[in-house]
$ cat upload_11.cif   # mmCIF, C-alpha atoms
data_final
#
loop_
_atom_site.label_atom_id
_atom_site.label_comp_id
_atom_site.auth_asym_id
_atom_site.auth_seq_id
_atom_site.Cartn_x
_atom_site.Cartn_y
_atom_site.Cartn_z
CA MET C 1 -35.45 -7.96 37.90
CA ARG C 2 -34.36 -4.36 37.74
CA GLY C 3 -35.57 -2.42 40.73
CA ILE C 4 -37.27 -3.44 43.90
CA ALA C 5 -40.97 -4.10 44.38
CA TYR C 6 -41.99 -1.62 47.04
CA THR C 7 -45.58 -2.67 47.64
CA ASN C 8 -47.93 -2.02 50.53
CA VAL C 9 -46.20 1.14 51.65
CA CYS C 10 -47.55 2.81 48.50
CA MET C 11 -51.17 2.67 49.43
CA CYS C 12 -50.80 3.68 53.08
CA HIS C 13 -48.65 6.66 52.13
CA ALA C 14 -51.25 7.76 49.61
CA ARG C 15 -53.39 8.83 52.55
CA VAL C 16 -50.55 10.89 54.02
CA ALA C 17 -49.97 12.31 50.59
CA SER C 18 -53.27 14.10 50.68
CA LEU C 19 -51.62 16.48 53.12
CA VAL C 20 -48.28 16.97 51.38
CA ALA C 21 -48.80 15.78 47.89
CA THR C 22 -47.44 15.81 44.41
CA ALA C 23 -49.90 16.93 41.79
CA PRO C 24 -51.66 13.98 40.28
CA VAL C 25 -53.94 14.41 37.44
CA LEU C 26 -57.50 14.65 38.71
CA ALA C 27 -56.47 16.46 41.88
CA ILE C 28 -54.89 19.03 39.66
CA VAL C 29 -57.95 19.63 37.58
CA ALA C 30 -60.41 19.64 40.47
CA ALA C 31 -58.72 22.40 42.36
CA CYS C 32 -59.46 25.29 40.07
CA GLY C 33 -62.82 25.43 38.48
CA SER C 34 -64.00 24.78 34.99
CA VAL C 35 -62.33 25.70 31.73
CA GLU C 36 -65.67 26.32 30.17
CA THR C 37 -67.02 28.62 32.85
CA ALA C 38 -63.76 29.93 34.30
CA GLN C 39 -65.35 29.77 37.72
CA PRO C 40 -62.93 30.19 40.60
CA ALA C 41 -61.87 26.95 42.20
CA ARG C 42 -62.98 25.74 45.56
CA VAL C 43 -59.52 24.94 46.82
CA ALA C 44 -59.36 22.05 49.26
CA SER C 45 -55.87 22.94 50.47
CA PRO C 46 -53.99 26.24 50.57
CA GLN C 47 -51.25 24.50 48.63
CA LEU C 48 -53.40 23.12 45.87
CA ALA C 49 -52.32 24.02 42.38
CA ASP C 50 -55.18 24.86 40.06
CA ARG C 51 -56.89 22.55 37.66
CA GLU C 52 -59.43 23.52 35.07
CA GLN C 53 -61.84 20.62 35.60
CA ARG C 54 -62.50 17.52 37.63
CA TRP C 55 -59.51 15.32 38.55
CA THR C 56 -59.63 13.32 41.76
CA PRO C 57 -56.86 10.87 42.52
CA GLY C 58 -56.17 9.66 46.01
CA ILE C 59 -53.72 12.45 46.66
CA ALA C 60 -54.08 16.18 46.41
CA SER C 61 -52.07 18.43 44.16
CA ALA C 62 -49.76 20.75 46.01
CA THR C 63 -46.65 22.83 45.84
CA THR C 64 -45.06 20.17 47.99
CA GLY C 65 -45.01 16.57 46.97
CA LEU C 66 -45.57 13.03 48.12
CA VAL C 67 -46.92 9.99 46.37
CA ASP C 68 -46.40 6.26 46.64
CA ALA C 69 -43.75 4.22 44.97
CA ARG C 70 -42.35 4.07 41.52
CA VAL C 71 -41.70 2.15 38.37
CA PRO C 72 -38.69 3.57 36.51
CA ALA C 73 -38.45 3.78 32.75
CA GLY C 74 -37.88 0.39 31.19
CA ALA C 75 -38.68 -1.70 34.22
CA ARG C 76 -41.61 -2.01 36.57
CA ALA C 77 -39.68 -1.82 39.79
CA ILE C 78 -41.72 -0.18 42.46
CA THR C 79 -45.31 -1.31 42.23
CA GLN C 80 -48.48 -0.67 44.09
CA ALA C 81 -49.80 -3.32 46.44
CA SER C 82 -50.53 -6.26 44.18
CA THR C 83 -54.00 -7.05 45.44
CA ALA C 84 -56.73 -8.43 43.24
CA THR C 85 -58.79 -5.29 43.83
CA ASN C 86 -56.10 -2.96 42.51
CA ALA C 87 -55.44 -5.19 39.52
CA SER C 88 -59.16 -5.32 38.79
CA ASP C 89 -59.45 -1.54 39.13
CA GLU C 90 -56.61 -1.01 36.70
CA ARG C 91 -58.07 -3.43 34.16
CA ALA C 92 -61.41 -1.65 34.35
CA LEU C 93 -59.79 1.76 33.89
CA ARG C 94 -57.70 0.57 30.95
CA ASN C 95 -60.71 -1.03 29.28
CA ARG C 96 -62.73 2.14 29.72
CA PHE C 97 -59.91 4.24 28.28
CA ALA C 98 -59.53 1.91 25.30
CA THR C 99 -63.23 1.82 24.39
CA ALA C 100 -64.52 5.31 25.26
CA ARG C 101 -65.57 7.58 22.41
CA ASP C 102 -64.43 10.57 24.45
CA SER C 103 -61.16 9.49 26.02
CA VAL C 104 -60.40 12.58 28.11
CA GLU C 105 -62.13 11.66 31.36
CA PRO C 106 -61.12 7.96 31.21
CA GLY C 107 -57.58 9.04 30.38
CA LEU C 108 -57.45 11.36 33.38
CA GLU C 109 -58.80 8.66 35.67
CA LEU C 110 -56.30 6.07 34.45
CA ALA C 111 -53.41 8.51 34.64
CA SER C 112 -54.46 9.45 38.16
CA PHE C 113 -54.45 5.81 39.19
CA LEU C 114 -50.97 5.34 37.75
CA VAL C 115 -49.57 8.48 39.36
CA ALA C 116 -51.01 7.41 42.72
CA SER C 117 -48.86 4.27 42.47
CA GLU C 118 -45.86 6.32 41.32
CA ARG C 119 -45.97 5.04 37.76
CA HIS C 120 -45.39 8.42 36.20
CA GLY C 121 -43.92 7.13 32.94
CA GLU C 122 -47.01 5.07 32.24
CA ALA C 123 -49.26 7.97 33.23
CA LEU C 124 -47.40 10.24 30.84
CA HIS C 125 -47.91 7.75 28.01
CA VAL C 126 -51.65 7.60 28.72
CA LEU C 127 -51.89 11.39 28.69
CA ASP C 128 -49.87 11.61 25.47
CA LEU C 129 -52.42 9.26 23.84
CA THR C 130 -55.31 11.25 25.30
CA ILE C 131 -53.95 14.54 23.94
CA LYS C 132 -53.22 13.00 20.56
CA ARG C 133 -56.94 12.13 20.31
CA GLN C 134 -58.24 15.40 21.78
CA ARG C 135 -56.16 18.37 22.86
CA ALA C 136 -58.37 19.19 25.83
CA PRO C 137 -57.18 21.75 28.40
CA THR C 138 -57.77 19.29 31.24
CA ALA C 139 -55.47 16.75 29.60
CA LEU C 140 -52.81 19.39 28.98
CA LEU C 141 -52.96 20.45 32.64
CA ALA C 142 -52.70 16.87 33.78
CA ARG C 143 -49.73 16.19 31.53
CA ALA C 144 -48.03 19.35 32.77
CA SER C 145 -48.41 18.10 36.32
CA VAL C 146 -46.88 14.72 35.53
CA LEU C 147 -44.05 16.37 33.60
CA ARG C 148 -43.31 18.61 36.56
CA ASP C 149 -43.23 15.58 38.83
CA LEU C 150 -40.61 14.11 36.50
CA ALA C 151 -38.56 17.34 36.65
CA GLN C 152 -39.33 18.07 32.98
CA ASN C 153 -40.31 21.64 33.71
CA GLU C 154 -39.75 23.17 30.29
CA LEU C 155 -42.20 20.69 28.74
CA ALA C 156 -44.65 21.31 31.58
CA ARG C 157 -44.33 25.03 30.90
CA ARG C 158 -45.35 24.54 27.27
CA ASP C 159 -48.55 22.70 28.15
CA LEU C 160 -49.54 25.19 30.85
CA GLY C 161 -48.68 28.09 28.56
CA GLU C 162 -50.96 26.72 25.87
CA VAL C 163 -53.90 26.53 28.28
CA VAL C 164 -53.25 30.08 29.50
CA ARG C 165 -53.00 31.43 25.95
CA ARG C 166 -56.27 29.77 24.97
CA ARG C 167 -58.24 31.19 27.86
CA GLY C 168 -56.41 34.43 28.48
CA ARG C 169 -54.83 35.35 31.78
CA ALA C 170 -57.92 37.08 33.12
CA SER C 171 -60.22 34.14 32.32
CA VAL C 172 -58.06 31.14 33.13
CA ALA C 173 -58.49 29.64 36.59
CA PRO C 174 -56.03 31.33 38.98
CA GLY C 175 -54.46 28.09 40.08
CA THR C 176 -53.34 27.48 36.52
CA LEU C 177 -51.46 30.78 36.55
CA PHE C 178 -49.89 29.82 39.87
CA GLU C 179 -48.73 26.48 38.50
CA LEU C 180 -47.38 28.20 35.37
CA ALA C 181 -45.36 30.65 37.46
CA GLN C 182 -43.82 27.80 39.42
CA VAL C 183 -42.72 25.80 36.40
CA GLU C 184 -41.45 28.96 34.71
CA TRP C 185 -39.21 29.56 37.71
CA LEU C 186 -38.13 25.92 37.86
CA ALA C 187 -37.30 26.05 34.15
CA GLY C 188 -35.05 29.06 34.74
CA ALA C 189 -37.39 31.75 33.41
CA GLY C 190 -37.46 33.89 36.55
CA HIS C 191 -38.58 37.08 34.78
CA ASP C 192 -41.56 35.29 33.21
CA ALA C 193 -42.44 33.73 36.55
CA ALA C 194 -42.43 37.12 38.26
CA LYS C 195 -44.75 38.56 35.61
CA THR C 196 -47.13 35.59 35.87
CA LEU C 197 -47.34 35.99 39.64
CA GLU C 198 -48.01 39.72 39.24
CA ASP C 199 -50.81 38.92 36.78
CA LEU C 200 -52.22 36.33 39.19
CA VAL C 201 -52.45 38.83 42.04
CA ARG C 202 -53.67 41.68 39.82
CA LEU C 203 -56.26 39.82 37.74
CA HIS C 204 -57.59 37.43 40.37
CA ALA C 205 -57.36 39.51 43.53
CA ASP C 206 -60.91 38.64 44.59
CA SER C 207 -60.80 34.94 43.75
CA ASP C 208 -61.45 32.24 46.31
CA PHE C 209 -58.15 30.71 45.27
CA LEU C 210 -56.12 33.67 46.49
CA VAL C 211 -58.10 33.87 49.70
CA VAL C 212 -57.07 30.32 50.53
CA ALA C 213 -53.64 30.14 48.87
CA ARG C 214 -52.36 33.66 49.54
CA GLN C 215 -49.54 32.54 51.83
CA ASP C 216 -48.21 30.10 49.23
CA VAL C 217 -48.44 32.73 46.51
CA ASP C 218 -46.57 35.25 48.65
CA GLU C 219 -43.87 32.70 49.41
CA TRP C 220 -43.39 32.03 45.71
CA ARG C 221 -43.27 35.76 44.94
CA LEU C 222 -40.46 36.08 47.47
CA ARG C 223 -38.66 33.08 46.01
CA VAL C 224 -38.92 34.38 42.47
CA SER C 225 -37.73 37.85 43.45
CA ASP C 226 -34.67 36.53 45.32
CA ALA C 227 -32.00 35.35 42.89
CA SER C 228 -30.12 33.61 45.70
CA GLN C 229 -32.99 31.13 46.02
CA VAL C 230 -32.76 29.83 42.46
CA ALA C 231 -30.72 26.82 43.57
CA GLY C 232 -31.35 24.55 46.50
CA SER C 233 -34.78 25.84 47.49
CA GLU C 234 -36.99 23.22 45.90
CA SER C 235 -40.35 22.47 47.42
CA LEU C 236 -40.86 18.90 48.55
CA ARG C 237 -42.83 18.21 45.42
CA ASP C 238 -39.97 19.38 43.21
CA ALA C 239 -37.35 17.66 45.33
CA LEU C 240 -39.16 14.37 44.73
CA ALA C 241 -39.35 15.26 41.05
CA LEU C 242 -35.57 15.61 40.95
CA LEU C 243 -35.20 12.31 42.76
CA ARG C 244 -37.27 10.71 39.99
CA GLY C 245 -36.04 12.64 37.02
CA ALA C 246 -32.57 14.18 37.45
CA SER C 247 -30.36 12.94 34.62
CA ARG C 248 -27.23 12.35 36.73
CA VAL C 249 -27.03 9.51 39.24
CA THR C 250 -25.00 11.67 41.62
CA ALA C 251 -27.75 14.30 41.63
CA ARG C 252 -30.38 11.70 42.45
CA LEU C 253 -28.17 10.27 45.20
CA ARG C 254 -27.73 13.72 46.74
CA MET C 255 -31.48 14.29 46.67
CA LEU C 256 -32.17 10.89 48.25
CA GLU C 257 -29.69 11.66 51.01
CA SER C 258 -31.26 15.07 51.56
CA LEU C 259 -34.76 13.61 51.79
CA ALA C 260 -34.14 10.39 53.72
CA GLY C 261 -30.55 10.29 54.99
CA PRO C 262 -29.43 10.38 58.64
CA GLU C 263 -29.57 14.17 58.81
CA ALA C 264 -33.13 14.12 57.44
CA VAL C 265 -34.09 11.60 60.14
CA GLU C 266 -32.62 13.82 62.84
CA ARG C 267 -34.12 16.96 61.34
CA GLY C 268 -37.61 15.65 60.57
CA GLY C 269 -38.26 13.01 63.19
CA GLU C 270 -41.44 10.97 63.20
CA PRO C 271 -43.71 13.64 61.62
CA ARG C 272 -41.79 13.40 58.34
CA ARG C 273 -41.28 9.65 58.38
CA ALA C 274 -43.84 9.10 55.62
CA ILE C 275 -41.99 11.54 53.39
CA ARG C 276 -38.70 9.74 53.96
CA ALA C 277 -40.37 6.39 53.28
CA HIS C 278 -41.77 7.73 50.04
CA ALA C 279 -38.38 8.97 48.89
CA ILE C 280 -36.90 5.56 49.68
CA GLY C 281 -39.68 3.97 47.68
CA ILE C 282 -38.85 6.09 44.65
CA ALA C 283 -35.15 5.24 44.93
CA CYS C 284 -35.88 1.52 45.24
CA GLY C 285 -37.13 1.64 41.67
CA ASP C 286 -34.30 3.73 40.24
CA PRO C 287 -32.47 2.32 37.21
CA SER C 288 -29.15 2.85 39.02
CA PRO C 289 -27.97 0.02 41.31
CA ALA C 290 -26.24 2.65 43.44
CA LEU C 291 -29.58 4.34 44.18
CA ARG C 292 -31.29 1.04 44.92
CA THR C 293 -28.47 -0.04 47.21
CA ARG C 294 -28.51 3.22 49.16
CA ALA C 295 -32.32 3.03 49.38
CA LEU C 296 -32.06 -0.33 51.14
CA GLN C 297 -29.51 1.04 53.58
CA LEU C 298 -31.77 4.00 54.31
CA ALA C 299 -34.77 1.70 54.70
CA VAL C 300 -32.97 0.18 57.69
CA ILE C 301 -32.04 3.56 59.13
CA ASN C 302 -35.63 4.77 58.73
CA ASP C 303 -37.19 1.50 59.90
CA VAL C 304 -39.10 1.16 56.63
CA ASP C 305 -40.14 -2.45 56.04
CA PRO C 306 -43.13 -2.78 53.69
CA ALA C 307 -44.27 -6.22 52.62
CA GLY C 308 -42.35 -7.46 49.61
CA LEU C 309 -39.43 -5.06 49.80
CA TRP C 310 -36.69 -7.41 51.00
CA PRO C 311 -37.67 -10.56 49.06
CA SER C 312 -37.80 -8.45 45.92
CA ALA C 313 -34.44 -6.85 46.68
CA LEU C 314 -32.91 -10.33 46.97
CA MET C 315 -34.02 -10.94 43.37
CA ASP C 316 -32.62 -7.70 41.97
CA GLU C 317 -30.71 -8.08 38.72
CA ASP C 318 -27.64 -6.41 40.20
CA ALA C 319 -25.35 -8.31 42.59
CA MET C 320 -24.48 -5.17 44.56
CA VAL C 321 -28.14 -4.64 45.41
CA ARG C 322 -28.69 -8.29 46.33
CA ARG C 323 -25.65 -8.22 48.59
CA ALA C 324 -26.88 -5.07 50.32
CA ALA C 325 -30.26 -6.71 50.83
CA ALA C 326 -28.64 -9.78 52.39
CA GLU C 327 -26.46 -7.70 54.68
CA ALA C 328 -29.34 -5.49 55.83
CA PHE C 329 -32.12 -8.09 55.87
CA PRO C 330 -34.36 -7.43 58.92
CA MET C 331 -34.77 -10.21 61.48
CA ARG C 332 -38.05 -9.24 63.12
CA ASP C 333 -39.60 -12.60 62.23
CA ARG C 334 -36.71 -15.03 62.17
CA ASP C 335 -38.75 -17.97 60.85
CA SER C 336 -40.00 -15.94 57.90
CA ALA C 337 -36.54 -14.49 57.34
CA THR C 338 -35.03 -17.97 57.27
CA VAL C 339 -37.48 -19.13 54.59
CA THR C 340 -36.82 -16.08 52.41
CA LEU C 341 -33.05 -16.16 52.81
CA LEU C 342 -32.81 -19.90 52.16
CA ALA C 343 -34.77 -19.53 48.92
CA ALA C 344 -32.39 -16.72 47.87
CA LEU C 345 -29.36 -18.80 48.86
CA GLU C 346 -30.50 -21.73 46.72
CA ARG C 347 -30.73 -19.64 43.57
CA GLU C 348 -27.77 -17.29 44.10
CA ARG C 349 -24.82 -17.61 41.68
CA ASP C 350 -22.64 -14.69 42.71
CA PRO C 351 -19.99 -15.79 45.27
CA GLY C 352 -19.99 -12.49 47.17
CA VAL C 353 -23.76 -12.37 47.47
CA PHE C 354 -23.81 -16.05 48.44
CA ARG C 355 -21.41 -15.37 51.33
CA ALA C 356 -23.59 -12.47 52.51
CA LEU C 357 -26.67 -14.71 52.39
CA HIS C 358 -24.81 -17.43 54.30
CA ALA C 359 -23.97 -14.90 57.02
CA ALA C 360 -27.59 -13.70 57.07
CA MET C 361 -28.78 -17.30 57.50
CA THR C 362 -26.51 -17.62 60.52
CA ARG C 363 -28.05 -14.47 62.02
CA ALA C 364 -31.59 -15.66 61.25
CA THR C 365 -31.19 -19.15 62.73
CA GLN C 366 -28.96 -17.95 65.59
CA ARG C 367 -26.75 -21.01 65.29
CA PRO C 368 -23.66 -21.98 63.33
CA GLY C 369 -24.35 -23.14 59.82
CA PRO C 370 -22.51 -25.47 57.46
CA ARG C 371 -19.20 -24.53 55.91
CA CYS C 372 -19.66 -21.88 53.21
CA GLU C 373 -18.44 -23.09 49.82
CA ALA C 374 -19.19 -20.09 47.64
CA GLY C 375 -16.45 -20.43 45.03
CA ASP C 376 -18.19 -22.69 42.51
CA ALA C 377 -21.67 -23.96 41.64
CA ALA C 378 -21.13 -27.38 43.16
CA GLY C 379 -19.94 -25.90 46.45
CA ARG C 380 -22.85 -23.47 46.60
CA SER C 381 -25.26 -26.33 45.94
CA ARG C 382 -23.76 -28.43 48.75
CA THR C 383 -23.94 -25.48 51.15
CA ALA C 384 -27.57 -24.72 50.28
CA ARG C 385 -28.55 -28.38 50.71
CA ALA C 386 -26.82 -28.47 54.06
CA TRP C 387 -28.67 -25.37 55.19
CA ARG C 388 -32.01 -26.87 54.12
CA THR C 389 -31.27 -30.10 55.94
CA GLN C 390 -30.33 -28.15 59.06
CA CYS C 391 -33.45 -25.98 58.90
CA GLU C 392 -35.81 -28.89 58.29
CA GLY C 393 -34.15 -31.25 60.73
#
$ encode --input "upload_11.cif" --output "structure tokens"
Amino acid sequence: MRGIAYTNVCMCHARVASLVATAPVLAIVAACGSVETAQPARVASPQLADREQRWTPGIASATTGLVDARVPAGARAITQASTATNASDERALRNRFATARDSVEPGLELASFLVASERHGEALHVLDLTIKRQRAPTALLARASVLRDLAQNELARRDLGEVVRRRGRASVAPGTLFELAQVEWLAGAGHDAAKTLEDLVRLHADSDFLVVARQDVDEWRLRVSDASQVAGSESLRDALALLRGASRVTARLRMLESLAGPEAVERGGEPRRAIRAHAIGIACGDPSPALRTRALQLAVINDVDPAGLWPSALMDEDAMVRRAAAEAFPMRDRDSATVTLLAALERERDPGVFRALHAAMTRATQRPGPRCEAGDAAGRSRTARAWRTQCEG
């Protein structure tokens, strides 16, 4: 298993995410009014980016970001809570998307569901299929949002630019212009971003959007005008995007440390604990064992212990991650820990991980265990049998 199943924490952090959220599909579209009527949006949050139609996931779109947990490309690693209700909801959404004559709304709803469980790659695939069937502005806006949350800002810029060109800058919902300016800046087109922000303020001065979001717009105008802010001044939303999507492992490690490391704990305290937990959740599903290992270490530092995290980590495909999980395994419920660790010990083949699990069993049972024979399969089998006999005796 590549990656770590990071389960129940996803759904509880979705509620926090409504305050500091990444831009999932329906939330994006709902915030800005209709494409057809170009009515100004009724913005639910001063930070909401604009959307041209309805789009209502569990978390609001914003210039800062927070979602749930994540499944990296190629492996479903961080999953939403695996309850029957969520599985049933997903099946219903997929069936509706597959059978609908007009796939735009079902596609947005399914993509929203996937984004809310941090499955951005799957959401992007759904939106690609939706746009292939019908190149609707709402679908383009939704895809731009998902692309931004994967740090693919140039592609996001293309989709937003198409919507703006179709409607015209004076007719498009103002939040769409605001989102376009942000991704232009993130893509390195500072001059274009400055012009888009000028057009936003000039053409939509009386809009409800600017009344509510004026402070955010002014902050972005300052950021765009100050060349020294081009690097290292990401919003939370874009910092999480880099944690998901930066091409270099070292860059993702630096972002994880910035978001959830010891300094972040000291700096943010309890009010930002949900943000740190979310960043750890993303890293638990990273394709890199180094990210997953560091995520487990930071889970201990941040006291993050969602159901399913540690048992899943003990089944990771990489020995380094399994060893880190054994060494950091929490002992809040020693009986439960003993059951989980013994099951991992009985299947473990790597000598180093086996030794770490043996030591963890000693901590969990709080008594000396049998002699550790980790060097070969027969020795590991004898040791595991001895542990089971001791635990059941």
$ resolve_selection --input "upload_11.cif" --expression "the PyMOL selection byres ((chain C and resi 253-256) around 12)" --output "count of residues only"
49
$ atom_distance --input "upload_11.cif" --atom1 "CA of Val115 in chain C" --atom2 "CA of Ser145 in chain C"
10.2 Å
$ resolve_selection --input "upload_11.cif" --expression "the PyMOL selection byres ((chain C and resi 314) around 10)" --output "list in words"
Met1, Ile4, Leu309, Trp310, Pro311, Ser312, Ala313, Met315, Asp316, Glu317, Asp318, Ala319, Val321, Arg322, Arg323, Ala324, Ala325, Ala326, Phe329, Thr340, Leu341, Ala343, Ala344, Leu345, Glu348, Val353 and Leu357 of chain C
$ write_last_selection --input "upload_11.cif" --atoms "C-alpha atoms" --output "mmCIF file, in the coordinates of the input"
data_model
loop_
_atom_site.group_PDB
_atom_site.id
_atom_site.type_symbol
_atom_site.label_atom_id
_atom_site.label_comp_id
_atom_site.auth_asym_id
_atom_site.auth_seq_id
_atom_site.Cartn_x
_atom_site.Cartn_y
_atom_site.Cartn_z
ATOM 1 C CA MET C 1 -35.450 -7.960 37.900
ATOM 2 C CA ILE C 4 -37.270 -3.440 43.900
ATOM 3 C CA LEU C 309 -39.430 -5.060 49.800
ATOM 4 C CA TRP C 310 -36.690 -7.410 51.000
ATOM 5 C CA PRO C 311 -37.670 -10.560 49.060
ATOM 6 C CA SER C 312 -37.800 -8.450 45.920
ATOM 7 C CA ALA C 313 -34.440 -6.850 46.680
ATOM 8 C CA MET C 315 -34.020 -10.940 43.370
ATOM 9 C CA ASP C 316 -32.620 -7.700 41.970
ATOM 10 C CA GLU C 317 -30.710 -8.080 38.720
ATOM 11 C CA ASP C 318 -27.640 -6.410 40.200
ATOM 12 C CA ALA C 319 -25.350 -8.310 42.590
ATOM 13 C CA VAL C 321 -28.140 -4.640 45.410
ATOM 14 C CA ARG C 322 -28.690 -8.290 46.330
ATOM 15 C CA ARG C 323 -25.650 -8.220 48.590
ATOM 16 C CA ALA C 324 -26.880 -5.070 50.320
ATOM 17 C CA ALA C 325 -30.260 -6.710 50.830
ATOM 18 C CA ALA C 326 -28.640 -9.780 52.390
ATOM 19 C CA PHE C 329 -32.120 -8.090 55.870
ATOM 20 C CA THR C 340 -36.820 -16.080 52.410
ATOM 21 C CA LEU C 341 -33.050 -16.160 52.810
ATOM 22 C CA ALA C 343 -34.770 -19.530 48.920
ATOM 23 C CA ALA C 344 -32.390 -16.720 47.870
ATOM 24 C CA LEU C 345 -29.360 -18.800 48.860
ATOM 25 C CA GLU C 348 -27.770 -17.290 44.100
ATOM 26 C CA VAL C 353 -23.760 -12.370 47.470
ATOM 27 C CA LEU C 357 -26.670 -14.710 52.390
#
$ resolve_selection --input "upload_11.cif" --expression "the PyMOL selection byres ((chain C and resi 148-163) around 8)" --output "count of residues only"
31
$ atom_distance --input "upload_11.cif" --atom1 "CA of Thr338 in chain C" --atom2 "CA of Met361 in chain C"
6.3 Å
$ atom_distance --input "upload_11.cif" --atom1 "CA of Val211 in chain C" --atom2 "CA of Gly190 in chain C"
24.5 Å
$ axis_aligned_box --input "upload_11.cif" --around "range 183-188 of chain C" --padding-each-side "8 Å" --output "JSON"
{"center_x": -38.9, "center_y": 27.7, "center_z": 36.0, "size_x": 23.7, "size_y": 19.8, "size_z": 19.7}
$ residues_near_point --input "upload_11.cif" --point "(-21.8, -16.7, 50.5)" --cutoff "9 Å" --atoms "all atoms listed in the file" --output "PyMOL selection string"
chain C and resi 345+348+350-359+372-375+380
$ residues_around --input "upload_11.cif" --residues "Ala139 in chain C" --least-positions-apart "5" --cutoff "9 Å" --atoms "only C-alpha atoms" --output "number ranges by chain"
C: 25, 29, 104-105, 107-108, 127-128, 130-131, 134, 144
$ closest_residue --input "upload_11.cif" --among "C:Ser112, C:Pro306, C:Ala87, C:Arg133" --to "Ala100 in chain C" --atoms "only C-alpha atoms"
C:Arg133
$ closest_residue --input "upload_11.cif" --among "C:Glu327, C:Asp303, C:Glu109, C:Glu219" --to "Leu93 in chain C" --atoms "all atoms listed in the file"
C:Glu109
$ closest_residue --input "upload_11.cif" --among "C:Arg169, C:His125, C:Arg273, C:Arg367" --to "Trp387 in chain C" --atoms "only C-alpha atoms"
C:Arg367
$ closest_residue --input "upload_11.cif" --among "C:Ala307, C:Ala142, C:Val217, C:Ala337" --to "Phe178 in chain C" --atoms "all atoms listed in the file"
C:Val217
